[in-house]
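See below for query_18.txt, which holds compact mmCIF, C-alpha atoms.
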# COMPACT_ATOMS: atom_id res chain seq x y z
CA MET V 1 106.99 31.50 -54.30
CA LYS V 2 106.81 27.72 -54.69
CA LYS V 3 105.95 27.39 -50.98
CA ASN V 4 103.23 30.02 -51.28
CA SER V 5 101.87 28.36 -54.45
CA LYS V 6 101.72 24.94 -52.79
CA LEU V 7 100.01 26.44 -49.70
CA LEU V 8 97.40 28.15 -51.90
CA ILE V 9 96.65 24.89 -53.75
CA PHE V 10 96.32 23.00 -50.44
CA LEU V 11 93.88 25.56 -48.98
CA THR V 12 91.80 25.53 -52.18
CA VAL V 13 91.48 21.72 -52.15
CA LEU V 14 90.70 21.72 -48.41
CA THR V 15 87.97 24.34 -48.85
CA ALA V 16 86.40 22.43 -51.73
CA PHE V 17 86.45 19.22 -49.71
CA MET V 18 84.79 20.91 -46.73
CA LEU V 19 82.07 22.41 -48.93
CA PHE V 20 81.42 19.05 -50.56
CA SER V 21 81.23 17.31 -47.16
CA ALA V 22 78.85 19.95 -45.81
CA SER V 23 76.62 19.56 -48.84
CA CYS V 24 76.49 15.80 -48.43
CA SER V 25 75.84 16.20 -44.73
CA ASN V 26 72.90 18.57 -45.35
CA GLY V 27 71.46 16.31 -48.01
CA SER V 28 71.72 13.32 -45.72
CA SER V 29 70.21 15.27 -42.83
CA ASN V 30 67.31 16.54 -44.93
CA GLY V 31 66.60 13.09 -46.23
CA HIS V 32 66.52 11.69 -42.69
CA THR V 33 64.23 14.45 -41.52
CA GLY V 34 61.81 13.70 -44.33
CA GLU V 35 61.78 10.04 -43.42
CA HIS V 36 61.26 10.88 -39.70
CA THR V 37 58.41 13.26 -40.49
CA GLU V 38 56.73 10.64 -42.62
CA ASP V 39 57.15 8.10 -39.83
CA MET V 40 55.73 10.57 -37.30
CA ASN V 41 52.76 11.27 -39.55
CA HIS V 42 52.06 7.55 -39.82
CA GLU V 43 52.36 7.23 -36.03
CA LYS V 44 49.95 10.16 -35.52
CA MET V 45 47.47 8.67 -37.96
CA ASP V 46 47.77 5.29 -36.28
CA HIS V 47 47.25 6.93 -32.85
CA GLU V 48 44.22 8.84 -34.09
CA ASN V 49 42.83 5.68 -35.66
CA MET V 50 43.38 3.86 -32.38
CA ASN V 51 41.54 6.64 -30.50
CA ASP V 52 38.67 6.50 -32.98
CA HIS V 53 38.59 2.74 -32.65
CA ALA V 54 38.68 3.01 -28.85
CA ASN V 55 35.87 5.57 -28.84
CA HIS V 56 33.85 3.40 -31.19
CA ASN V 57 34.50 0.37 -29.04
CA GLY V 58 33.58 2.40 -25.94
CA LYS V 59 30.25 3.37 -27.44
CA ASP V 60 29.62 -0.18 -28.56
CA SER V 61 30.54 -1.43 -25.09
CA GLN V 62 28.18 1.03 -23.41
CA SER V 63 25.42 0.11 -25.84
CA THR V 64 25.96 -3.57 -25.07
CA LYS V 65 25.85 -2.88 -21.33
CA ASN V 66 22.60 -0.94 -21.68
CA GLN V 67 21.11 -3.78 -23.71
CA ASP V 68 22.09 -6.23 -20.99
CA PHE V 69 20.77 -4.03 -18.20
CA SER V 70 17.48 -3.39 -20.02
CA LYS V 71 16.52 -7.05 -20.24
CA ALA V 72 13.58 -8.28 -18.16
CA PRO V 73 14.28 -11.25 -15.87
CA ALA V 74 13.74 -14.62 -17.50
CA GLN V 75 13.37 -16.83 -14.40
CA PHE V 76 11.45 -16.09 -11.22
CA ASN V 77 11.55 -17.61 -7.74
CA PRO V 78 8.08 -18.85 -6.71
CA ASN V 79 9.11 -18.79 -3.02
CA ALA V 80 10.20 -15.14 -2.88
CA GLU V 81 7.14 -13.93 -0.95
CA GLU V 82 6.83 -16.81 1.50
CA SER V 83 7.31 -15.75 5.15
CA LEU V 84 8.04 -12.22 3.95
CA ILE V 85 8.18 -9.72 6.84
CA VAL V 86 9.76 -6.63 5.21
CA GLN V 87 8.24 -3.90 3.06
CA ASN V 88 11.49 -2.18 2.05
CA THR V 89 14.43 -3.55 0.10
CA LYS V 90 17.96 -2.23 -0.27
CA ASN V 91 17.18 0.17 -3.10
CA ILE V 92 13.43 0.65 -2.59
CA THR V 93 11.41 2.45 0.08
CA ARG V 94 7.75 1.49 -0.05
CA ILE V 95 4.83 3.48 1.30
CA PRO V 96 2.72 0.33 1.83
CA VAL V 97 -0.83 1.72 1.83
CA ALA V 98 -3.55 2.09 -0.80
CA ASP V 99 -5.59 4.81 0.93
CA PRO V 100 -4.48 8.29 -0.23
CA ILE V 101 -5.18 9.91 3.14
CA ARG V 102 -3.03 7.37 4.99
CA ALA V 103 -0.38 7.62 2.26
CA SER V 104 -0.13 11.38 2.74
CA ILE V 105 0.54 10.82 6.46
CA TYR V 106 3.18 8.15 5.74
CA VAL V 107 4.93 10.52 3.34
CA SER V 108 4.72 13.39 5.83
CA GLN V 109 6.35 11.32 8.57
CA THR V 110 9.05 10.08 6.19
CA ILE V 111 10.03 13.53 4.92
CA TRP V 112 9.44 15.60 8.08
CA PRO V 113 10.60 13.79 11.25
CA ALA V 114 9.84 17.09 13.03
CA THR V 115 12.22 16.25 15.87
CA HIS V 116 13.54 19.81 16.04
CA LYS V 117 12.95 23.20 14.47
CA GLU V 118 15.20 22.61 11.46
CA ASN V 119 13.11 19.67 10.21
CA GLN V 120 9.65 20.91 11.17
CA PRO V 121 7.47 22.22 8.32
CA GLY V 122 6.60 25.87 8.02
CA ALA V 123 3.02 25.34 6.83
CA VAL V 124 0.92 22.22 6.25
CA ILE V 125 -1.25 22.10 3.12
CA LEU V 126 -4.68 20.41 3.35
CA SER V 127 -6.53 19.29 0.23
CA PRO V 128 -9.82 17.40 -0.21
CA VAL V 129 -9.36 13.80 -1.35
CA GLY V 130 -10.82 13.08 -4.78
CA GLN V 131 -10.17 16.58 -6.16
CA TRP V 132 -7.06 15.86 -8.18
CA GLN V 133 -6.90 19.21 -9.98
CA THR V 134 -6.98 21.06 -6.65
CA THR V 135 -4.26 18.92 -5.08
CA LEU V 136 -2.11 19.05 -8.21
CA ALA V 137 -2.19 22.83 -8.49
CA GLY V 138 -1.79 23.24 -4.73
CA ALA V 139 1.42 21.19 -4.69
CA ASP V 140 3.19 24.36 -5.82
CA LEU V 141 2.89 25.45 -2.18
CA ILE V 142 4.91 22.48 -0.85
CA HIS V 143 8.09 24.31 -1.71
CA HIS V 144 9.80 26.90 0.47
CA PRO V 145 8.85 29.18 2.13
CA ASN V 146 6.00 26.89 3.24
CA ASN V 147 8.17 23.76 3.23
CA GLY V 148 5.37 21.43 4.24
CA PRO V 149 3.44 18.31 3.25
CA ILE V 150 0.11 17.96 1.54
CA LEU V 151 -2.23 16.06 3.84
CA LEU V 152 -5.44 14.82 2.28
CA ILE V 153 -8.74 15.33 4.08
CA HIS V 154 -12.47 14.95 3.44
CA GLN V 155 -14.42 17.89 2.12
CA ASP V 156 -16.63 17.95 5.22
CA HIS V 157 -14.19 16.97 7.96
CA ILE V 158 -10.57 16.32 8.87
CA PRO V 159 -9.92 12.73 10.01
CA ASP V 160 -8.54 12.35 13.53
CA LYS V 161 -5.36 10.76 12.20
CA VAL V 162 -4.69 13.87 10.08
CA LEU V 163 -5.30 16.16 13.06
CA SER V 164 -2.86 14.03 15.05
CA GLU V 165 -0.27 14.40 12.29
CA ILE V 166 -0.70 18.18 12.23
CA LYS V 167 -0.17 18.23 15.98
CA ARG V 168 2.94 16.05 15.66
CA LEU V 169 4.40 18.27 12.95
CA ASN V 170 3.70 21.42 14.98
CA PRO V 171 4.17 23.74 11.95
CA THR V 172 6.27 26.79 12.72
CA GLY V 173 4.54 29.12 10.21
CA ASN V 174 5.71 30.59 6.90
CA ARG V 175 7.02 34.14 6.59
CA ASN V 176 3.43 35.40 7.00
CA GLY V 177 2.93 33.25 10.07
CA THR V 178 0.48 30.94 8.28
CA GLN V 179 0.58 27.39 9.70
CA ILE V 180 -2.18 25.73 7.64
CA VAL V 181 -3.12 26.36 4.00
CA VAL V 182 -6.54 24.94 3.11
CA LEU V 183 -7.12 24.23 -0.58
CA GLY V 184 -10.48 24.44 -2.30
CA ASP V 185 -14.01 24.60 -1.01
CA VAL V 186 -14.42 22.80 2.30
CA SER V 187 -17.14 22.91 4.93
CA ASN V 188 -17.16 25.24 7.90
CA ASN V 189 -16.60 22.18 10.04
CA VAL V 190 -13.14 21.79 8.54
CA ILE V 191 -12.26 25.38 9.37
CA ASN V 192 -13.62 24.98 12.91
CA GLN V 193 -11.46 21.88 13.44
CA LEU V 194 -8.40 24.05 12.82
CA SER V 195 -9.07 26.53 15.60
CA GLY V 196 -5.83 27.47 17.29
CA TYR V 197 -3.85 27.54 14.04
CA LYS V 198 -3.33 30.51 11.76
CA ILE V 199 -4.88 29.43 8.45
CA GLU V 200 -5.16 30.66 4.88
CA GLN V 201 -7.69 29.33 2.39
CA ILE V 202 -7.34 29.36 -1.41
CA LYS V 203 -10.46 28.83 -3.50
CA GLY V 204 -11.47 28.81 -7.15
CA LYS V 205 -14.69 28.39 -9.11
CA ASN V 206 -13.01 26.01 -11.55
CA PRO V 207 -9.57 24.33 -11.92
CA ALA V 208 -8.15 27.11 -14.10
CA GLU V 209 -9.18 29.83 -11.66
CA PHE V 210 -7.92 27.83 -8.70
CA ALA V 211 -4.50 27.28 -10.35
CA ARG V 212 -4.27 31.00 -11.13
CA ASN V 213 -5.07 31.83 -7.50
CA VAL V 214 -2.40 29.42 -6.24
CA ASP V 215 0.08 31.03 -8.60
CA GLN V 216 -0.82 34.44 -7.20
CA ALA V 217 -0.66 33.25 -3.59
CA TYR V 218 2.80 31.80 -4.09
CA ALA V 219 3.98 34.97 -5.84
CA GLU V 220 2.84 37.01 -2.84
CA VAL V 221 4.62 34.86 -0.29
CA SER V 222 7.77 34.45 -2.41
CA GLU V 223 7.85 37.99 -3.80
CA GLY V 224 7.53 37.32 -7.52
CA TYR V 225 6.16 35.23 -10.36
CA PRO V 226 8.48 32.54 -11.71
CA GLU V 227 8.95 32.74 -15.47
CA SER V 228 8.64 29.00 -16.08
CA VAL V 229 5.20 27.38 -16.01
CA ILE V 230 3.78 23.99 -16.95
CA ILE V 231 0.57 23.75 -18.96
CA VAL V 232 -1.40 20.59 -18.21
CA SER V 233 -4.85 19.28 -19.02
CA SER V 234 -7.66 19.75 -16.50
CA GLU V 235 -9.78 17.05 -18.15
CA ASP V 236 -10.39 13.87 -16.19
CA GLN V 237 -9.67 11.58 -19.13
CA HIS V 238 -6.17 13.09 -19.42
CA LYS V 239 -5.19 13.29 -15.75
CA LEU V 240 -2.50 10.61 -16.12
CA TYR V 241 -0.67 12.98 -18.48
CA SER V 242 -1.03 15.90 -16.06
CA ILE V 243 -0.18 14.40 -12.68
CA PRO V 244 3.58 13.82 -13.29
CA ALA V 245 3.92 17.61 -13.11
CA VAL V 246 3.22 17.41 -9.37
CA ASN V 247 6.75 16.24 -8.62
CA TRP V 248 8.43 19.06 -10.48
CA ILE V 249 6.35 21.84 -8.91
CA SER V 250 7.10 20.33 -5.51
CA HIS V 251 10.80 20.35 -6.38
CA MET V 252 10.87 23.84 -7.90
CA PRO V 253 8.50 26.77 -7.33
CA GLU V 254 7.20 26.76 -10.90
CA PRO V 255 3.41 26.39 -11.12
CA ILE V 256 1.03 24.42 -13.25
CA LEU V 257 -1.72 26.20 -15.17
CA PHE V 258 -4.63 24.41 -16.76
CA ALA V 259 -5.81 24.10 -20.35
CA ALA V 260 -8.21 21.81 -22.20
CA GLU V 261 -7.59 20.01 -25.46
CA HIS V 262 -9.02 22.83 -27.56
CA GLU V 263 -9.27 25.68 -25.05
CA LEU V 264 -6.94 28.04 -23.24
CA PRO V 265 -9.02 29.41 -20.35
CA LYS V 266 -9.13 33.13 -19.58
CA GLU V 267 -7.78 32.50 -16.09
CA THR V 268 -4.71 30.80 -17.52
CA LYS V 269 -4.18 33.68 -19.92
CA ASP V 270 -4.42 36.12 -17.00
CA ALA V 271 -1.72 34.23 -15.11
CA LEU V 272 0.53 34.12 -18.16
CA LYS V 273 0.17 37.88 -18.70
CA LYS V 274 1.89 38.38 -15.34
CA ARG V 275 5.09 37.14 -17.05
CA ASN V 276 5.12 40.08 -19.52
CA LYS V 277 5.61 37.92 -22.62
CA LYS V 278 8.72 36.36 -21.06
CA ALA V 279 7.16 33.11 -19.89
CA ASN V 280 8.95 29.81 -20.42
CA ILE V 281 5.99 27.55 -21.16
CA TYR V 282 6.18 23.75 -21.07
CA ILE V 283 3.22 21.73 -22.33
CA LEU V 284 3.01 18.30 -20.73
CA GLY V 285 1.35 15.79 -23.03
CA PRO V 286 0.88 15.12 -26.76
CA GLU V 287 -1.39 17.00 -29.14
CA LYS V 288 -4.30 14.66 -28.45
CA VAL V 289 -4.25 16.06 -24.90
CA ILE V 290 -3.46 19.73 -25.61
CA SER V 291 -3.91 20.63 -29.26
CA LYS V 292 -1.59 22.41 -31.65
CA ASP V 293 -4.06 25.29 -31.73
CA VAL V 294 -3.71 25.82 -27.97
CA GLU V 295 0.07 25.56 -28.36
CA ASN V 296 -0.03 28.37 -30.94
CA GLN V 297 -2.13 30.53 -28.61
CA LEU V 298 0.45 30.05 -25.86
CA LYS V 299 3.21 31.50 -28.05
CA GLU V 300 1.73 34.95 -27.46
CA TYR V 301 3.01 34.79 -23.87
CA GLY V 302 6.56 33.48 -24.35
CA THR V 303 8.55 30.53 -25.63
CA VAL V 304 6.77 27.18 -25.82
CA HIS V 305 8.12 23.64 -25.50
CA ARG V 306 6.23 20.38 -25.52
CA ILE V 307 7.19 17.32 -23.43
CA ALA V 308 5.35 14.22 -24.57
CA GLY V 309 5.42 10.50 -25.11
CA ASN V 310 2.90 8.25 -26.80
CA ASP V 311 1.03 7.46 -23.58
CA PRO V 312 1.10 8.42 -19.88
CA VAL V 313 3.97 6.04 -19.04
CA THR V 314 6.27 7.24 -21.81
CA THR V 315 5.29 10.86 -21.13
CA SER V 316 6.38 10.46 -17.50
CA ILE V 317 9.70 9.02 -18.73
CA GLU V 318 10.20 11.84 -21.22
CA PHE V 319 9.55 14.39 -18.47
CA ALA V 320 12.08 12.68 -16.18
CA LYS V 321 14.71 12.92 -18.94
CA PHE V 322 13.86 16.45 -20.15
CA LYS V 323 16.14 19.40 -19.39
CA ASP V 324 16.04 22.89 -20.87
CA LYS V 325 19.65 24.00 -20.52
CA ASP V 326 18.76 27.64 -21.18
CA THR V 327 16.31 27.90 -18.27
CA GLN V 328 17.41 24.88 -16.19
CA PHE V 329 13.83 23.64 -16.22
CA GLY V 330 13.41 19.89 -16.04
CA TRP V 331 14.89 16.88 -14.30
CA GLY V 332 17.44 15.92 -16.94
CA ILE V 333 17.85 12.44 -15.49
CA THR V 334 20.04 10.66 -18.03
CA GLU V 335 22.82 9.34 -15.78
CA PRO V 336 23.11 7.49 -12.44
CA GLY V 337 22.70 8.92 -8.97
CA HIS V 338 19.01 9.76 -8.56
CA GLY V 339 15.80 8.94 -6.77
CA VAL V 340 12.72 7.85 -8.72
CA SER V 341 9.13 7.34 -7.52
CA PHE V 342 6.96 4.59 -9.02
CA ILE V 343 3.16 4.67 -8.88
CA SER V 344 0.55 2.52 -10.58
CA THR V 345 -1.72 4.17 -13.13
CA ASP V 346 -4.58 2.51 -11.25
CA SER V 347 -3.95 4.70 -8.16
CA PRO V 348 -3.12 8.19 -9.44
CA GLU V 349 -4.10 10.00 -6.24
CA LEU V 350 -1.24 8.23 -4.46
CA ALA V 351 1.11 10.18 -6.74
CA LEU V 352 -0.30 13.43 -5.38
CA ALA V 353 0.19 12.29 -1.79
CA ALA V 354 3.79 11.34 -2.59
CA ALA V 355 4.76 14.67 -4.16
CA PRO V 356 7.02 15.71 -1.22
CA PHE V 357 9.52 13.00 -2.23
CA SER V 358 10.53 15.53 -4.89
CA HIS V 359 10.89 18.39 -2.41
CA LEU V 360 13.38 16.95 0.06
CA GLY V 361 15.58 13.88 0.32
CA LYS V 362 16.30 12.27 -3.05
CA HIS V 363 14.29 14.86 -5.07
CA ALA V 364 12.63 12.14 -7.10
CA PRO V 365 10.55 12.49 -10.29
CA MET V 366 7.76 9.99 -10.83
CA ILE V 367 7.36 7.21 -13.37
CA TRP V 368 4.01 5.58 -14.00
CA LEU V 369 3.74 1.81 -13.95
CA ASN V 370 0.89 0.78 -16.25
CA LYS V 371 -1.51 -1.07 -13.93
CA GLY V 372 1.48 -1.65 -11.65
CA GLN V 373 3.49 -3.47 -14.33
CA LEU V 374 6.85 -2.80 -15.93
CA GLN V 375 7.24 -2.34 -19.68
CA GLN V 376 10.24 -2.17 -21.99
CA GLU V 377 10.44 1.64 -22.02
CA ILE V 378 10.92 1.58 -18.23
CA TYR V 379 13.62 -1.09 -18.49
CA ASP V 380 15.38 1.06 -21.11
CA PHE V 381 15.16 4.18 -18.94
CA LEU V 382 16.53 2.37 -15.89
CA ALA V 383 19.34 0.89 -17.98
CA SER V 384 20.33 4.41 -19.06
CA ILE V 385 20.79 5.48 -15.41
CA LYS V 386 22.23 2.17 -14.13
CA PRO V 387 25.12 2.92 -11.72
CA THR V 388 28.36 1.06 -12.42
CA PHE V 389 31.79 0.85 -10.81
CA GLN V 390 35.22 -0.36 -11.89
CA ASP V 391 36.93 -1.31 -8.63
CA ASP V 392 35.08 0.13 -5.64
CA PRO V 393 31.28 0.15 -5.23
CA THR V 394 31.48 2.17 -2.00
CA THR V 395 31.96 5.46 -3.84
CA GLY V 396 28.68 5.26 -5.78
CA PRO V 397 26.81 6.82 -7.44
CA TYR V 398 23.62 5.21 -6.15
CA ASN V 399 19.99 5.25 -7.26
CA HIS V 400 17.00 4.84 -4.96
CA GLY V 401 13.37 4.09 -5.69
CA PHE V 402 10.13 4.89 -3.89
CA ILE V 403 7.07 2.71 -4.45
CA ILE V 404 3.76 4.23 -3.40
CA GLY V 405 1.04 1.67 -2.76
CA ASP V 406 0.58 -1.76 -1.25
CA GLN V 407 1.34 -5.04 -2.98
CA LYS V 408 -2.06 -5.07 -4.68
CA GLN V 409 -1.08 -1.89 -6.52
CA ILE V 410 2.55 -2.87 -7.18
CA SER V 411 3.63 -6.43 -6.44
CA PHE V 412 6.66 -7.53 -4.46
CA GLN V 413 7.95 -9.20 -7.61
CA THR V 414 7.89 -5.86 -9.43
CA GLN V 415 9.61 -4.29 -6.43
CA GLY V 416 12.33 -6.93 -6.63
CA ILE V 417 12.92 -6.24 -10.31
CA LEU V 418 13.11 -2.48 -9.72
CA ASP V 419 15.47 -3.02 -6.78
CA ASP V 420 17.81 -5.00 -9.05
CA LYS V 421 17.64 -2.53 -11.92
CA LEU V 422 18.55 0.34 -9.57
CA GLU V 423 21.46 -1.55 -8.00
CA ILE V 424 25.05 -0.48 -8.68
CA ALA V 425 26.86 -3.09 -10.79
CA GLN V 426 30.42 -3.79 -11.88
CA GLU V 427 31.21 -2.41 -15.32
CA ASP V 428 32.45 -5.73 -16.64
CA GLY V 429 29.18 -7.40 -15.69
CA HIS V 430 30.73 -9.70 -13.09
CA GLY V 431 28.61 -8.35 -10.26
CA HIS V 432 30.00 -7.80 -6.77
CA GLY V 433 32.04 -11.01 -6.74
CA GLY V 434 35.29 -9.29 -5.75
CA HIS V 435 33.68 -7.15 -3.05
What would you get if you wrote out this structure as structure tokens?
Amino acid sequence: MKKNSKLLIFLTVLTAFMLFSASCSNGSSNGHTGEHTEDMNHEKMDHENMNDHANHNGKDSQSTKNQDFSKAPAQFNPNAEESLIVQNTKNITRIPVADPIRASIYVSQTIWPATHKENQPGAVILSPVGQWQTTLAGADLIHHPNNGPILLIHQDHIPDKVLSEIKRLNPTGNRNGTQIVVLGDVSNNVINQLSGYKIEQIKGKNPAEFARNVDQAYAEVSEGYPESVIIVSSEDQHKLYSIPAVNWISHMPEPILFAAEHELPKETKDALKKRNKKANIYILGPEKVISKDVENQLKEYGTVHRIAGNDPVTTSIEFAKFKDKDTQFGWGITEPGHGVSFISTDSPELALAAAPFSHLGKHAPMIWLNKGQLQQEIYDFLASIKPTFQDDPTTGPYNHGFIIGDQKQISFQTQGILDDKLEIAQEDGHGHGGH
């Protein structure tokens, strides 16, 4: 009995000791876990704060870079143009002529080498020089299936150099077999000079009717009306707001239709009705160009957006940056890796001749240079798309510019500045020193 009693007491004490030890162990473990969790929370908060700080610093760094890139040069080299024999620089291709007819030929030969069938145009578009509304609306035909340049001519005859260019191009014909599309009213002499080619002529009694007829002609050859359209002014005093549309309609088969400041012409309404109230309508220019009243009238035919700056230069920049993500309308150029055309506001018809730079190659929108000069808004835009690299500049992205006009329109100094602003640069601002 005594042995059993002693054994029972021993087991009772042992059990109590084990329970006490387990309790202490759990309490110690729980306390450690609490401390570890608190430490982990502090680490997480510190990590998040570091990420926030890094993001903030990243934004500040990018802002600082853009500020640096958007500065105009402070010192110029007076000898830069002495003994100069080149027209092009590393990031700029110049069409070095002031005459719109010659410019249209230069552009044609640059975009269409025509060495073999794959790079010959389908149809060549001819438009009378000096009729900017006709050429602007007709640029819708540059796109496929025509896939051809606009060559400028005189209303009463085709210059020999244009005829020679047509012969060189040897257009293969669009899906209807048409080789030459003649825009607007021209003399019989013009038509006679084109004997041997299959031609189509598009006319209109006024700009609005002509634009509607172009829209219809393109719909027939491409089997449908595009839903997106651009509304621009047909008034001469506002043409600098309207002409930047020429690059987009060369790039995409979406037409321009004309309005006036306080009037929406019947012909434009007729063209919009073809979209069955589903048109995506983009007004190019501020309310002083196309009024709020006209904007409200347009809402009857679909959704309406306005793209505008304070003046022609800033409007061209806003158009280059604009993108409607729902319809994919617009250039949306807000990052590096693009082509851009630059034309002086003093030579707007050169912009029309250069429209094919948006159709093939770098697919470039246009930016106006006010009287051939740069201004801060252009520096800011170019800074926003400045290409940069960390270690290797050979992988890009790269920008490229096109200047249309000779050095009286846009100087070599301005070309040099643009060339530099388009150049890829090292992110840390140290240039290409290690490469």
### Query
Got a sec: who's within 12 Å of Ala74 (chain V), counting all atoms listed in the file, leaving out chain neighbours fewer than 3 positions off, as a VMD selection string?
chain V and resid 71 77 417
Write the residues of the selection above to a file with C-alpha atoms, as a short mmCIF file (atom, residue, chain, number, x, y, z; two decimals), in the frame of the given file.
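Output below, filename out.cif:
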data_model
loop_
_atom_site.label_atom_id
_atom_site.label_comp_id
_atom_site.auth_asym_id
_atom_site.auth_seq_id
_atom_site.Cartn_x
_atom_site.Cartn_y
_atom_site.Cartn_z
CA LYS V 71 16.52 -7.05 -20.24
CA ASN V 77 11.55 -17.61 -7.74
CA ILE V 417 12.92 -6.24 -10.31
#
### Message
So that I can check the surroundings of Arg102 (chain V), please list as an MDAnalysis selection string every protein, DNA and RNA residue that reaches within 12 Å of it, counting all atoms listed in the file and ignoring chain neighbours fewer than 2 positions away.
### Response
chainID V and resid 95:100 104:109 129 150:153 159:162 165 349:350 353:354 404:406
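In this comparison, which uses all atoms listed in the file, the residue of V:Ala245, V:Leu240, V:Ala137, V:Ile125 approaching Ile199 (chain V) most closely is V:Ile125.
In terms of minimum interatomic distance to Phe342 (chain V), V:Ile92 ranks closest within V:Val246, V:Val232, V:Leu272, V:Ile92, counting all atoms listed in the file.
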### Task
Tell me, in Å to one decimal, how far CA of His238 (chain V) is from CA of Phe258 (chain V).
11.7 Å
#### Entry: Top pick for closest residue to Asp326 (chain V), considering V:Asn79, V:Ser228, V:Thr395, V:Ser250 and counting all atoms listed in the file
V:Ser228
Can region 219-237 of chain V be brought up to N, CA and C atoms and written out as a PDB file, in the coordinates of the input?
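What landed in rebuild32.pdb:
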ATOM      1  N   ALA V 219       3.235  33.765  -5.461  1.00  0.00           N
ATOM      2  CA  ALA V 219       3.980  34.970  -5.840  1.00  0.00           C
ATOM      3  C   ALA V 219       4.010  35.967  -4.693  1.00  0.00           C
ATOM      4  N   GLU V 220       2.903  36.064  -3.960  1.00  0.00           N
ATOM      5  CA  GLU V 220       2.840  37.010  -2.840  1.00  0.00           C
ATOM      6  C   GLU V 220       3.750  36.606  -1.695  1.00  0.00           C
ATOM      7  N   VAL V 221       3.809  35.308  -1.414  1.00  0.00           N
ATOM      8  CA  VAL V 221       4.620  34.860  -0.290  1.00  0.00           C
ATOM      9  C   VAL V 221       6.094  34.736  -0.660  1.00  0.00           C
ATOM     10  N   SER V 222       6.379  34.606  -1.973  1.00  0.00           N
ATOM     11  CA  SER V 222       7.770  34.450  -2.410  1.00  0.00           C
ATOM     12  C   SER V 222       8.289  35.678  -3.147  1.00  0.00           C
ATOM     13  N   GLU V 223       7.467  36.702  -3.245  1.00  0.00           N
ATOM     14  CA  GLU V 223       7.850  37.990  -3.800  1.00  0.00           C
ATOM     15  C   GLU V 223       8.196  37.918  -5.292  1.00  0.00           C
ATOM     16  N   GLY V 224       7.330  37.291  -6.083  1.00  0.00           N
ATOM     17  CA  GLY V 224       7.530  37.320  -7.520  1.00  0.00           C
ATOM     18  C   GLY V 224       6.957  36.116  -8.235  1.00  0.00           C
ATOM     19  N   TYR V 225       6.662  36.316  -9.530  1.00  0.00           N
ATOM     20  CA  TYR V 225       6.160  35.230 -10.360  1.00  0.00           C
ATOM     21  C   TYR V 225       7.323  34.542 -11.069  1.00  0.00           C
ATOM     22  N   PRO V 226       7.450  33.239 -10.948  1.00  0.00           N
ATOM     23  CA  PRO V 226       8.480  32.540 -11.710  1.00  0.00           C
ATOM     24  C   PRO V 226       8.157  32.573 -13.201  1.00  0.00           C
ATOM     25  N   GLU V 227       9.176  32.648 -14.030  1.00  0.00           N
ATOM     26  CA  GLU V 227       8.950  32.740 -15.470  1.00  0.00           C
ATOM     27  C   GLU V 227       8.523  31.408 -16.081  1.00  0.00           C
ATOM     28  N   SER V 228       8.971  30.309 -15.512  1.00  0.00           N
ATOM     29  CA  SER V 228       8.640  29.000 -16.080  1.00  0.00           C
ATOM     30  C   SER V 228       7.329  28.483 -15.519  1.00  0.00           C
ATOM     31  N   VAL V 229       6.485  27.957 -16.409  1.00  0.00           N
ATOM     32  CA  VAL V 229       5.200  27.380 -16.010  1.00  0.00           C
ATOM     33  C   VAL V 229       4.953  26.110 -16.815  1.00  0.00           C
ATOM     34  N   ILE V 230       4.156  25.216 -16.251  1.00  0.00           N
ATOM     35  CA  ILE V 230       3.780  23.990 -16.950  1.00  0.00           C
ATOM     36  C   ILE V 230       2.296  24.074 -17.291  1.00  0.00           C
ATOM     37  N   ILE V 231       1.967  23.786 -18.526  1.00  0.00           N
ATOM     38  CA  ILE V 231       0.570  23.750 -18.960  1.00  0.00           C
ATOM     39  C   ILE V 231       0.138  22.286 -19.014  1.00  0.00           C
ATOM     40  N   VAL V 232      -0.900  21.960 -18.247  1.00  0.00           N
ATOM     41  CA  VAL V 232      -1.400  20.590 -18.210  1.00  0.00           C
ATOM     42  C   VAL V 232      -2.908  20.589 -18.452  1.00  0.00           C
ATOM     43  N   SER V 233      -3.417  19.426 -18.788  1.00  0.00           N
ATOM     44  CA  SER V 233      -4.850  19.280 -19.020  1.00  0.00           C
ATOM     45  C   SER V 233      -5.610  19.205 -17.698  1.00  0.00           C
ATOM     46  N   SER V 234      -6.772  19.838 -17.660  1.00  0.00           N
ATOM     47  CA  SER V 234      -7.660  19.750 -16.500  1.00  0.00           C
ATOM     48  C   SER V 234      -8.737  18.689 -16.692  1.00  0.00           C
ATOM     49  N   GLU V 235      -8.718  18.011 -17.834  1.00  0.00           N
ATOM     50  CA  GLU V 235      -9.780  17.050 -18.150  1.00  0.00           C
ATOM     51  C   GLU V 235      -9.507  15.698 -17.509  1.00  0.00           C
ATOM     52  N   ASP V 236     -10.546  15.120 -16.927  1.00  0.00           N
ATOM     53  CA  ASP V 236     -10.390  13.870 -16.190  1.00  0.00           C
ATOM     54  C   ASP V 236      -9.775  12.753 -17.034  1.00  0.00           C
ATOM     55  N   GLN V 237     -10.171  12.671 -18.301  1.00  0.00           N
ATOM     56  CA  GLN V 237      -9.670  11.580 -19.130  1.00  0.00           C
ATOM     57  C   GLN V 237      -8.171  11.705 -19.434  1.00  0.00           C
TER      58      GLN V 237
END
